[in-house]
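Structure file work-v5.txt (compact mmCIF, C-alpha atoms) is printed below.
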# COMPACT_ATOMS: atom_id res chain seq x y z
CA GLU A 8 51.97 20.17 9.42
CA ARG A 9 51.35 16.44 9.84
CA LEU A 10 52.28 15.79 6.23
CA ALA A 11 55.48 17.79 6.72
CA ASP A 12 56.39 15.61 9.74
CA ILE A 13 55.72 12.47 7.73
CA GLY A 14 57.91 13.77 4.90
CA ARG A 15 60.79 14.44 7.30
CA GLN A 16 60.50 10.92 8.76
CA LEU A 17 60.54 9.38 5.28
CA ARG A 18 63.62 11.39 4.35
CA ARG A 19 65.37 10.26 7.54
CA ALA A 20 64.45 6.65 6.80
CA ALA A 21 65.83 6.94 3.27
CA GLU A 22 69.05 8.43 4.65
CA GLN A 23 69.42 5.56 7.13
CA MET A 24 68.91 3.02 4.33
CA ARG A 25 71.56 4.76 2.19
CA ARG A 26 74.06 4.75 5.06
CA ALA A 27 73.31 1.12 5.80
CA GLN A 28 74.17 0.21 2.21
CA GLN A 29 77.41 2.22 2.34
CA SER A 30 78.51 0.89 5.71
CA GLY A 31 81.14 -1.83 5.62
CA ASN A 32 80.35 -2.84 9.19
CA PRO A 33 77.58 -5.48 9.23
CA ALA A 34 76.48 -4.55 12.77
CA GLU A 35 76.27 -0.85 11.91
CA ALA A 36 74.36 -1.64 8.71
CA ALA A 37 71.87 -3.79 10.63
CA ALA A 38 71.37 -1.03 13.20
CA ARG A 39 70.76 1.58 10.50
CA ARG A 40 68.31 -0.72 8.70
CA LEU A 41 66.47 -1.18 12.01
CA GLN A 42 66.33 2.61 12.51
CA ALA A 43 65.02 3.04 8.97
CA ALA A 44 62.32 0.42 9.57
CA GLU A 45 61.24 2.14 12.79
CA GLN A 46 61.05 5.50 11.05
CA LEU A 47 59.03 3.99 8.20
CA GLU A 48 56.63 2.44 10.72
CA ALA A 49 56.27 5.77 12.52
CA ALA A 50 55.55 7.46 9.20
CA ARG A 51 52.95 4.79 8.38
CA ARG A 52 51.21 5.32 11.71
CA GLN A 53 51.16 9.07 11.19
CA LEU A 54 49.75 8.61 7.69
CA GLN A 55 46.98 6.42 9.10
CA ALA A 56 46.25 8.92 11.86
CA ASN A 57 46.16 11.71 9.30
CA GLN A 58 43.77 9.73 7.10
CA ARG A 59 41.51 8.98 10.08
CA ALA A 60 41.43 12.68 10.90
CA LEU A 61 40.52 13.51 7.30
CA ASP A 62 37.81 10.83 7.32
CA GLN A 63 36.45 12.19 10.57
CA GLN A 64 36.36 15.70 9.16
CA ALA A 65 34.52 14.42 6.08
CA LEU A 66 31.95 12.68 8.29
CA GLU A 67 31.53 15.82 10.37
CA ARG A 68 30.93 17.90 7.26
CA LEU A 69 28.31 15.43 6.01
CA ARG A 70 26.57 15.47 9.40
CA GLN A 71 26.61 19.25 9.52
CA ARG A 72 25.17 19.50 6.02
CA ALA A 73 22.39 17.05 6.90
CA SER A 74 21.56 19.11 10.00
CA THR A 75 21.47 22.27 7.89
CA LEU A 76 19.07 20.61 5.43
CA ILE A 77 16.78 19.63 8.30
CA GLU A 78 16.70 23.21 9.58
CA ARG A 79 15.89 24.53 6.12
CA GLN A 80 13.13 21.96 5.75
CA ARG A 81 11.70 22.99 9.13
CA GLU A 82 11.52 26.56 7.82
CA ILE A 83 9.72 25.31 4.72
CA VAL A 84 7.19 23.49 6.92
CA LYS A 85 6.51 26.71 8.84
CA GLN A 86 6.11 28.70 5.63
CA VAL A 87 3.67 26.16 4.18
CA ASP A 88 1.59 26.35 7.36
CA ALA A 89 1.66 30.15 7.12
CA LEU A 90 0.19 30.03 3.61
CA ARG A 91 -3.11 28.77 4.99
CA GLY A 92 -5.66 31.54 5.47
CA GLY A 93 -5.83 35.01 4.04
CA LYS A 94 -8.87 35.88 1.96
CA THR A 95 -8.51 39.52 0.88
CA SER A 96 -6.95 40.45 -2.44
CA ASP A 97 -3.90 41.87 -0.64
CA ASP A 98 -3.51 38.64 1.32
CA GLN A 99 -3.83 36.65 -1.89
CA GLN A 100 -1.15 38.75 -3.56
CA ARG A 101 1.26 38.38 -0.64
CA ARG A 102 0.52 34.68 -0.45
CA LEU A 103 1.28 34.27 -4.16
CA SER A 104 4.62 36.03 -3.67
CA ARG A 105 5.47 33.85 -0.66
CA LYS A 106 4.47 30.75 -2.61
CA ARG A 107 6.83 31.60 -5.47
CA GLN A 108 9.65 32.22 -3.02
CA LEU A 109 8.88 28.94 -1.29
CA GLU A 110 8.98 27.04 -4.58
CA ARG A 111 12.46 28.43 -5.27
CA ARG A 112 13.64 27.38 -1.82
CA LYS A 113 12.31 23.87 -2.34
CA GLU A 114 14.12 23.60 -5.69
CA SER A 115 17.34 24.72 -4.00
CA LEU A 116 16.81 22.16 -1.23
CA ALA A 117 16.30 19.36 -3.78
CA GLU A 118 19.60 20.28 -5.46
CA GLN A 119 21.40 20.29 -2.10
CA VAL A 120 20.04 16.82 -1.27
CA GLU A 121 21.33 15.55 -4.63
CA ALA A 122 24.75 17.07 -3.90
CA LEU A 123 24.76 15.49 -0.43
CA GLU A 124 24.07 12.06 -1.93
CA GLN A 125 26.98 12.46 -4.36
CA ASP A 126 29.36 13.55 -1.60
CA ILE A 127 28.33 10.63 0.63
CA GLU A 128 29.14 8.29 -2.27
CA ALA A 129 32.54 9.93 -2.73
CA THR A 130 33.25 9.56 1.00
CA VAL A 131 32.37 5.86 0.87
CA ARG A 132 34.90 5.37 -1.93
CA ARG A 133 37.61 7.20 0.04
CA LEU A 134 37.11 5.27 3.28
CA GLY A 135 39.49 2.36 3.72
CA ARG A 136 38.41 -1.23 4.24
CA GLU A 137 39.15 -0.94 7.95
CA ARG A 138 36.24 1.54 8.16
CA GLN A 139 33.74 -1.01 6.88
CA SER A 140 31.16 -0.24 9.56
CA ALA A 141 31.20 3.46 8.70
CA ARG A 142 30.93 2.66 5.00
CA GLU A 143 27.84 0.52 5.64
CA ARG A 144 26.10 3.30 7.55
CA LEU A 145 26.91 5.78 4.80
CA ARG A 146 25.50 3.39 2.21
CA GLU A 147 22.32 3.18 4.30
CA ALA A 148 22.04 6.97 4.14
CA ILE A 149 22.41 6.83 0.35
CA GLN A 150 19.74 4.14 0.11
CA MET A 151 17.35 6.23 2.25
CA ILE A 152 17.71 9.14 -0.16
CA ARG A 153 17.17 6.90 -3.18
CA ARG A 154 14.42 4.73 -1.72
CA ASN A 155 12.36 7.75 -0.69
CA ARG A 156 13.26 9.59 -3.93
CA LEU A 157 13.87 12.61 -1.78
CA PRO A 158 14.81 15.17 -4.47
CA ASP A 159 11.75 14.23 -6.56
CA LYS A 160 9.57 14.23 -3.45
CA ILE A 161 10.71 17.74 -2.58
CA ARG A 162 9.99 19.00 -6.09
CA GLN A 163 6.58 17.30 -6.21
CA GLY A 164 5.54 19.36 -3.21
CA ASN A 165 5.49 22.40 -5.50
CA ARG A 166 2.53 20.88 -7.36
CA LEU A 167 0.52 20.77 -4.15
CA LEU A 168 1.39 24.40 -3.50
CA GLU A 169 0.44 25.35 -7.05
CA ASN A 170 -3.00 23.77 -6.56
CA GLU A 171 -3.30 25.42 -3.12
CA TRP A 172 -3.70 22.07 -1.37
CA TYR A 173 -1.98 23.44 1.69
CA GLU A 174 -3.13 20.75 4.15
CA GLN A 175 -1.68 17.98 2.00
CA ALA A 176 1.40 20.08 1.27
CA GLY A 177 2.04 20.55 5.00
CA GLN A 178 1.80 16.82 5.64
CA ARG A 179 4.13 16.09 2.70
CA GLU A 180 6.70 18.59 3.99
CA ARG A 181 6.66 16.95 7.42
CA GLU A 182 7.29 13.58 5.79
CA ILE A 183 10.27 15.08 3.96
CA GLU A 184 11.60 16.45 7.25
CA GLU A 185 11.34 13.00 8.82
CA ASP A 186 13.10 11.42 5.81
CA LEU A 187 15.95 13.92 6.17
CA ARG A 188 16.19 13.10 9.87
CA ASP A 189 16.53 9.41 9.01
CA VAL A 190 19.44 10.28 6.71
CA ALA A 191 21.02 12.40 9.45
CA ARG A 192 20.65 9.58 11.98
CA ALA A 193 22.43 7.17 9.63
CA LEU A 194 25.28 9.67 9.29
CA GLN A 195 25.41 10.25 13.05
CA THR A 196 25.74 6.53 13.78
CA ALA A 197 28.59 6.06 11.29
CA PRO A 198 31.47 5.12 13.65
CA GLY A 199 34.13 7.77 14.08
CA ASP A 200 37.12 8.33 16.32
CA ALA A 201 35.60 11.17 18.32
CA ILE A 202 31.83 10.87 17.91
CA ALA A 203 29.63 7.86 18.51
CA ARG A 204 25.98 7.37 19.31
CA ASN A 205 25.57 7.95 23.03
CA ASP A 206 23.12 9.32 25.53
CA ILE A 207 23.28 12.81 24.03
CA GLU A 208 22.24 11.53 20.61
CA ARG A 209 19.51 9.42 22.16
CA LEU A 210 18.15 12.44 24.02
CA ARG A 211 18.33 14.54 20.85
CA ASP A 212 16.32 11.94 18.95
CA ALA A 213 13.80 11.83 21.78
CA LEU A 214 13.62 15.63 21.78
CA HIS A 215 12.76 15.57 18.09
CA ARG A 216 10.05 12.94 18.66
CA ILE A 217 8.54 14.99 21.50
CA ARG A 218 8.56 18.18 19.44
CA ARG A 219 7.05 16.44 16.41
CA LEU A 220 4.33 14.78 18.50
CA ALA A 221 3.44 18.11 20.13
CA ASP A 222 3.42 19.88 16.74
CA ASP A 223 1.13 17.23 15.22
CA LEU A 224 -1.28 17.40 18.16
CA GLU A 225 -1.28 21.21 17.99
CA SER A 226 -2.12 21.00 14.29
CA LEU A 227 -4.99 18.62 15.08
CA HIS A 228 -6.19 20.90 17.90
CA ARG A 229 -6.15 23.93 15.60
CA ARG A 230 -8.12 22.13 12.87
CA LEU A 231 -10.73 20.87 15.32
CA ARG A 232 -11.21 24.38 16.71
CA GLU A 233 -11.53 25.83 13.22
CA GLN A 234 -14.12 23.20 12.28
CA ALA A 235 -16.10 23.85 15.46
CA GLN A 236 -16.03 27.59 14.76
CA ARG A 237 -17.18 27.06 11.17
CA ARG A 238 -20.06 24.86 12.29
CA GLN A 239 -21.06 27.48 14.86
CA GLU A 240 -20.96 30.25 12.26
CA GLU A 241 -22.97 28.18 9.77
CA GLY A 242 -25.71 27.68 12.35
CA ARG A 243 -25.79 31.36 13.49
CA PRO A 244 -28.35 33.61 11.68
CA ASP A 245 -27.22 36.85 10.10
CA ARG A 246 -29.09 39.48 12.16
CA HIS A 247 -28.35 42.35 9.78
CA HIS A 248 -29.46 40.28 6.82
CA GLU A 249 -32.69 39.37 8.55
CA GLU A 250 -33.46 43.03 9.24
CA GLN A 251 -33.03 43.86 5.56
CA GLN A 252 -35.25 41.01 4.35
CA PRO A 253 -39.07 41.05 4.46
CA PRO A 254 -40.55 38.59 6.96
CA SER A 255 -40.95 35.06 5.66
CA PRO A 256 -44.42 33.47 5.43
CA THR A 257 -43.59 31.38 8.45
CA ARG A 258 -42.66 34.43 10.53
CA ARG A 259 -45.83 36.23 9.38
CA ARG A 260 -47.93 33.22 10.47
CA ARG A 261 -46.26 33.26 13.89
CA SER A 262 -46.73 37.00 14.31
CA GLN A 263 -50.40 36.68 13.34
CA ALA A 264 -50.81 33.78 15.77
CA ARG A 265 -49.37 35.86 18.61
CA ALA A 266 -51.64 38.78 17.75
CA ASP A 267 -54.75 36.56 17.59
CA ARG A 268 -53.98 34.68 20.82
CA PRO A 269 -56.37 35.74 23.61
CA SER A 270 -54.91 37.23 26.75
CA GLY A 271 -53.89 34.54 29.24
CA ALA A 272 -53.97 31.75 26.64
CA PRO A 273 -51.05 29.30 26.84
CA ALA A 274 -48.21 29.93 24.46
CA PRO A 275 -47.90 27.51 21.57
CA SER A 276 -45.17 24.90 21.41
CA ASN A 277 -41.68 25.98 20.36
CA ARG A 278 -41.59 23.15 17.85
CA PRO A 279 -40.52 24.61 14.45
CA LEU A 280 -43.14 24.93 11.79
CA PRO A 281 -42.60 23.24 8.41
CA GLY A 282 -40.00 25.15 6.44
CA ASP A 283 -38.62 26.76 9.62
CA GLU A 284 -35.97 24.15 10.52
CA PRO A 285 -32.44 25.58 10.98
CA LEU A 286 -29.71 24.67 8.53
CA ARG A 287 -27.40 21.93 9.73
CA PRO A 288 -23.82 21.22 8.67
CA PHE A 289 -22.98 18.32 6.39
CA SER A 290 -22.75 14.90 7.94
CA ASP A 291 -19.58 12.82 7.60
CA ARG A 292 -20.90 11.08 4.53
CA GLU A 293 -22.11 14.33 2.97
CA SER A 294 -18.71 15.88 3.58
CA GLU A 295 -17.19 13.18 1.42
CA ILE A 296 -19.86 13.54 -1.28
CA PHE A 297 -19.78 17.35 -1.38
CA PRO A 298 -16.15 18.57 -1.41
CA ALA A 299 -15.00 22.05 -0.51
CA PRO A 300 -15.53 24.88 -3.02
CA GLY A 301 -12.99 24.88 -5.83
CA GLY A 302 -12.39 21.14 -5.49
CA ARG A 303 -9.50 21.62 -3.04
CA PRO A 304 -9.31 18.90 -0.40
CA GLU A 305 -10.03 20.06 3.14
CA ILE A 306 -10.15 18.34 6.50
CA LYS A 307 -13.84 17.59 7.11
CA GLY A 308 -15.77 15.86 9.87
CA ASP A 309 -14.46 12.45 8.95
CA ARG A 310 -14.22 10.46 12.16
CA ARG A 311 -12.41 7.62 10.46
CA GLN A 312 -9.61 9.96 9.47
CA LEU A 313 -9.50 11.33 13.02
CA ARG A 314 -9.26 7.81 14.44
CA ARG A 315 -6.36 7.05 12.11
CA GLU A 316 -4.59 10.23 13.16
CA LEU A 317 -5.10 9.51 16.87
CA ARG A 318 -3.80 5.96 16.40
CA GLN A 319 -0.71 7.34 14.68
CA ARG A 320 -0.11 9.79 17.52
CA TRP A 321 -0.48 6.91 19.98
CA ARG A 322 2.14 4.92 18.04
CA ASP A 323 4.42 7.98 18.06
CA ALA A 324 4.10 8.18 21.85
CA GLN A 325 4.90 4.48 22.15
CA ALA A 326 8.04 4.98 20.02
CA LEU A 327 9.02 7.87 22.29
CA ARG A 328 8.55 5.63 25.32
CA ARG A 329 10.89 3.03 23.82
CA GLU A 330 13.43 5.70 22.88
CA LEU A 331 13.70 7.08 26.41
CA GLY A 332 13.43 3.79 28.28
CA ASP A 333 13.01 4.42 32.00
CA GLU A 334 13.65 8.16 31.73
CA PHE A 335 10.43 10.18 32.02
CA ALA A 336 8.53 6.87 31.98
CA ASP A 337 5.73 8.07 34.27
CA GLU A 338 5.12 11.23 32.26
CA ILE A 339 5.02 9.42 28.92
CA ASP A 340 2.85 6.59 30.25
CA ALA A 341 0.37 9.20 31.48
CA LEU A 342 0.34 10.84 28.04
CA ILE A 343 -0.29 7.48 26.36
CA ARG A 344 -3.23 6.82 28.70
CA ARG A 345 -4.73 10.24 27.96
CA LEU A 346 -4.36 9.66 24.23
CA ARG A 347 -6.32 6.42 24.54
CA GLN A 348 -9.02 8.16 26.58
CA LEU A 349 -9.74 10.80 23.93
CA ASP A 350 -13.25 10.44 22.52
CA ASP A 351 -13.18 10.94 18.76
CA ARG A 352 -16.94 11.63 18.69
CA ARG A 353 -16.77 14.38 21.31
CA LEU A 354 -13.74 15.93 19.62
CA PHE A 355 -16.04 16.98 16.77
CA THR A 356 -18.81 18.42 18.94
CA ASP A 357 -17.62 19.17 22.48
CA PRO A 358 -15.43 22.27 23.03
CA GLU A 359 -14.42 20.88 26.44
CA GLU A 360 -13.00 17.75 24.81
CA ILE A 361 -11.05 19.91 22.35
CA ALA A 362 -9.72 22.00 25.26
CA ARG A 363 -8.76 18.80 27.10
CA LEU A 364 -6.59 17.84 24.12
CA LYS A 365 -4.47 20.92 24.77
CA GLN A 366 -4.52 20.93 28.57
CA GLN A 367 -3.81 17.24 29.16
CA LEU A 368 -1.62 16.40 26.15
CA ILE A 369 -0.09 19.35 24.33
CA ASP A 370 0.86 21.43 27.39
CA PRO A 371 2.51 18.49 29.23
CA LEU A 372 4.37 17.58 26.03
CA ARG A 373 5.77 21.11 25.80
CA GLN A 374 6.91 20.88 29.41
CA LEU A 375 8.58 17.55 28.67
CA GLU A 376 10.22 19.08 25.60
CA HIS A 377 11.68 21.85 27.76
CA GLU A 378 13.02 19.35 30.32
CA VAL A 379 14.65 17.09 27.71
CA MET A 380 16.17 20.14 25.99
CA ARG A 381 17.65 21.19 29.32
CA ARG A 382 19.14 17.71 29.77
CA VAL A 383 20.67 17.83 26.28
CA GLU A 384 22.22 21.24 26.92
CA MET A 385 23.68 20.09 30.21
CA ALA A 386 25.03 16.84 28.77
CA SER A 387 26.58 18.58 25.77
CA GLY A 388 28.48 20.95 28.02
CA ARG A 389 26.36 24.09 27.58
CA GLY A 390 24.82 23.62 31.01
CA LEU A 391 27.72 21.94 32.82
CA MET A 392 31.38 21.41 32.00
CA LEU A 393 31.75 17.67 31.64
CA VAL A 394 34.90 15.62 32.16
CA ASP A 395 35.99 12.33 30.72
CA GLU A 396 34.02 9.65 32.55
CA THR A 397 37.04 7.34 32.67
CA SER A 398 38.92 9.94 34.73
CA VAL A 399 36.33 9.76 37.53
CA PRO A 400 36.83 6.98 40.11
CA GLN A 401 34.19 4.25 40.03
CA VAL A 402 33.01 4.95 43.58
CA TYR A 403 32.26 8.59 42.71
CA ARG A 404 30.47 7.64 39.51
CA LYS A 405 28.16 5.38 41.53
CA LEU A 406 27.43 8.19 44.00
CA VAL A 407 26.61 10.58 41.14
CA GLU A 408 24.33 8.02 39.46
CA GLU A 409 22.51 7.39 42.75
CA TYR A 410 22.08 11.14 43.25
CA TYR A 411 20.46 11.56 39.83
CA ARG A 412 18.19 8.54 40.38
CA ARG A 413 16.90 10.03 43.63
CA LEU A 414 16.51 13.44 42.01
CA ALA A 415 14.48 11.94 39.17
CA LYS A 416 12.20 10.10 41.62
CA ARG A 417 11.65 13.29 43.61
CA ASN A 418 10.79 15.22 40.44
CA ARG A 419 8.27 12.56 39.40
CA ARG A 420 6.60 12.66 42.81
CA GLY A 421 6.37 16.43 42.54
CA THR A 422 4.43 16.20 39.26
CA HIS A 423 1.63 14.07 40.74
Rewrite the structure of this file - the entire thing - as structure tokens.
Amino acid sequence: ERLADIGRQLRRAAEQMRRAQQSGNPAEAAARRLQAAEQLEAARRQLQANQRALDQQALERLRQRASTLIERQREIVKQVDALRGGKTSDDQQRRLSRKRQLERRKESLAEQVEALEQDIEATVRRLGRERQSARERLREAIQMIRRNRLPDKIRQGNRLLENEWYEQAGQREREIEEDLRDVARALQTAPGDAIARNDIERLRDALHRIRRLADDLESLHRRLREQAQRRQEEGRPDRHHEEQQPPSPTRRRRSQARADRPSGAPAPSNRPLPGDEPLRPFSDRESEIFPAPGGRPEIKGDRRQLRRELRQRWRDAQALRRELGDEFADEIDALIRRLRQLDDRRLFTDPEEIARLKQQLIDPLRQLEHEVMRRVEMASGRGLMLVDETSVPQVYRKLVEEYYRRLAKRNRRGTH
């Protein structure tokens, strides 16, 4: 429809130019030339507006595709996590089928990332010089894909799955998800006529950081619980097995000692006899020397690795604090303090410390995630119908801002 309007204006301008040439009256000719020039200028403006609309639609399509890729990668992360466990033959068969399906999905995702890179390049070439800022942001997105070698990185994850290194595969898939989010952020910040980076985008980024931090801490909590359970099972004797086995020499000596002990004599010390010491789990160093059966890497009691992971989570919380600024500052500062107070030694041995990780960090993070999600929904119009801020008088905007400041302070007091 716009192109049809532009065509009509160009035809009218051409007709005015023809009449101006045929007119013998200089004043009439000048007037018709002026009308033709005005119609040409109107057509030029409409062409520019039409091109801006097309550019905006192209940017929107790129952003939507990047968001779709992120969602598909999130599903891949969940499926990789689900592959862990399962020890019966039926479980193994189902896991093999899921693994093959997952490998096909990852190959499809790699191809889609390659196609996205090509389409971003084509969009850069189509954008005019007046959209230089948008072109630069799109080039940044292209460089992120190339610098991280995203398609190759996605395909390489299949090798980890093939070797059943699921812990490493899960971490690699989360890195890919973060790389895709970086690409999406570059596309989101490419200037457009209708969409720009604002508070909604900032809250969405913060929501992703909160969710990722909570997911990583939940993964750590799960691994620590599994390790504690394994250590407990390794140290627990098999009662049924003991009943089937003949008594050991040590047990026979103890039984004989009890039978020979006179009535009223003091019981002997509970100190274990030689050869009667219980089995103990590997130490940190032994865990590095003796890998898991089959040679597959597993998370062991390596405190240095735990310290590195806790430091990374602390840095993630600091980045979240910077992202949100003064919003939710008290809650995030409290989370940062609790992260620093975690004892990496007790996390390997003390069930209460492991439980504290969930109660004082993961649960509050999930509550914060819910609150930020609610803010995003309200700001994007799903919770409240918003109006153009410029249409609201300044005095009312100040009253609304003061209301929300007081409401935020009251909510923070209620959490203490």
> Do you have the atom CA of Leu69 of chain A-atom CA of Ala191 of chain A distance handy?
Replying inline: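 Between atom CA of Leu69 of chain A and atom CA of Ala191 of chain A the gap is 8.6 Å.
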>> Give me the residues near Ala197 of chain A as a VMD selection string, where near means some atom within 12 Å (using only C-alpha atoms) and where sequence neighbours in that chain fewer than 3 positions away do not count.
In response: chain A and resid 62 to 63 65 to 67 69 to 70 127 130 to 131 134 138 to 148 190 to 194 200 to 204
>> To one decimal place in Å, what is the distance between atom CA of Ala213 of chain A and atom CA of Leu331 of chain A?
In response: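 Result for atom CA of Ala213 of chain A versus atom CA of Leu331 of chain A: 6.6 Å, one decimal.
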> Could you state the separation of atom CA of Ala73 of chain A and atom CA of Val379 of chain A in Å, given to one decimal place?
Replying inline: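 Distance between the two atoms: 22.2 Å.
The smallest atom-to-atom distance between Arg15 of chain A and any of A:Leu109, A:Leu123, A:Leu227, A:Leu47, using all atoms listed in the file, is found for A:Leu47.
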> From the list A:Glu169, A:Ala336, A:Ala44, A:Pro358, which residue is nearest Glu22 of chain A when using all atoms listed in the file?
Replying inline: A:Ala44
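Checking A:Glu330, A:Glu124, A:Glu316, A:Glu180 one by one against Arg153 of chain A, counting all atoms listed in the file, you find the shortest gap at A:Glu124.
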>> Using only C-alpha atoms, which protein or nucleic acid residues come within 12 Å of Gln86 of chain A? Drop anything in the same chain fewer than 2 positions from it, and give the result as a VMD selection string.
In response: chain A and resid 79 to 84 88 to 91 102 104 to 110 112 to 113 168 173 176 to 177 180 to 181
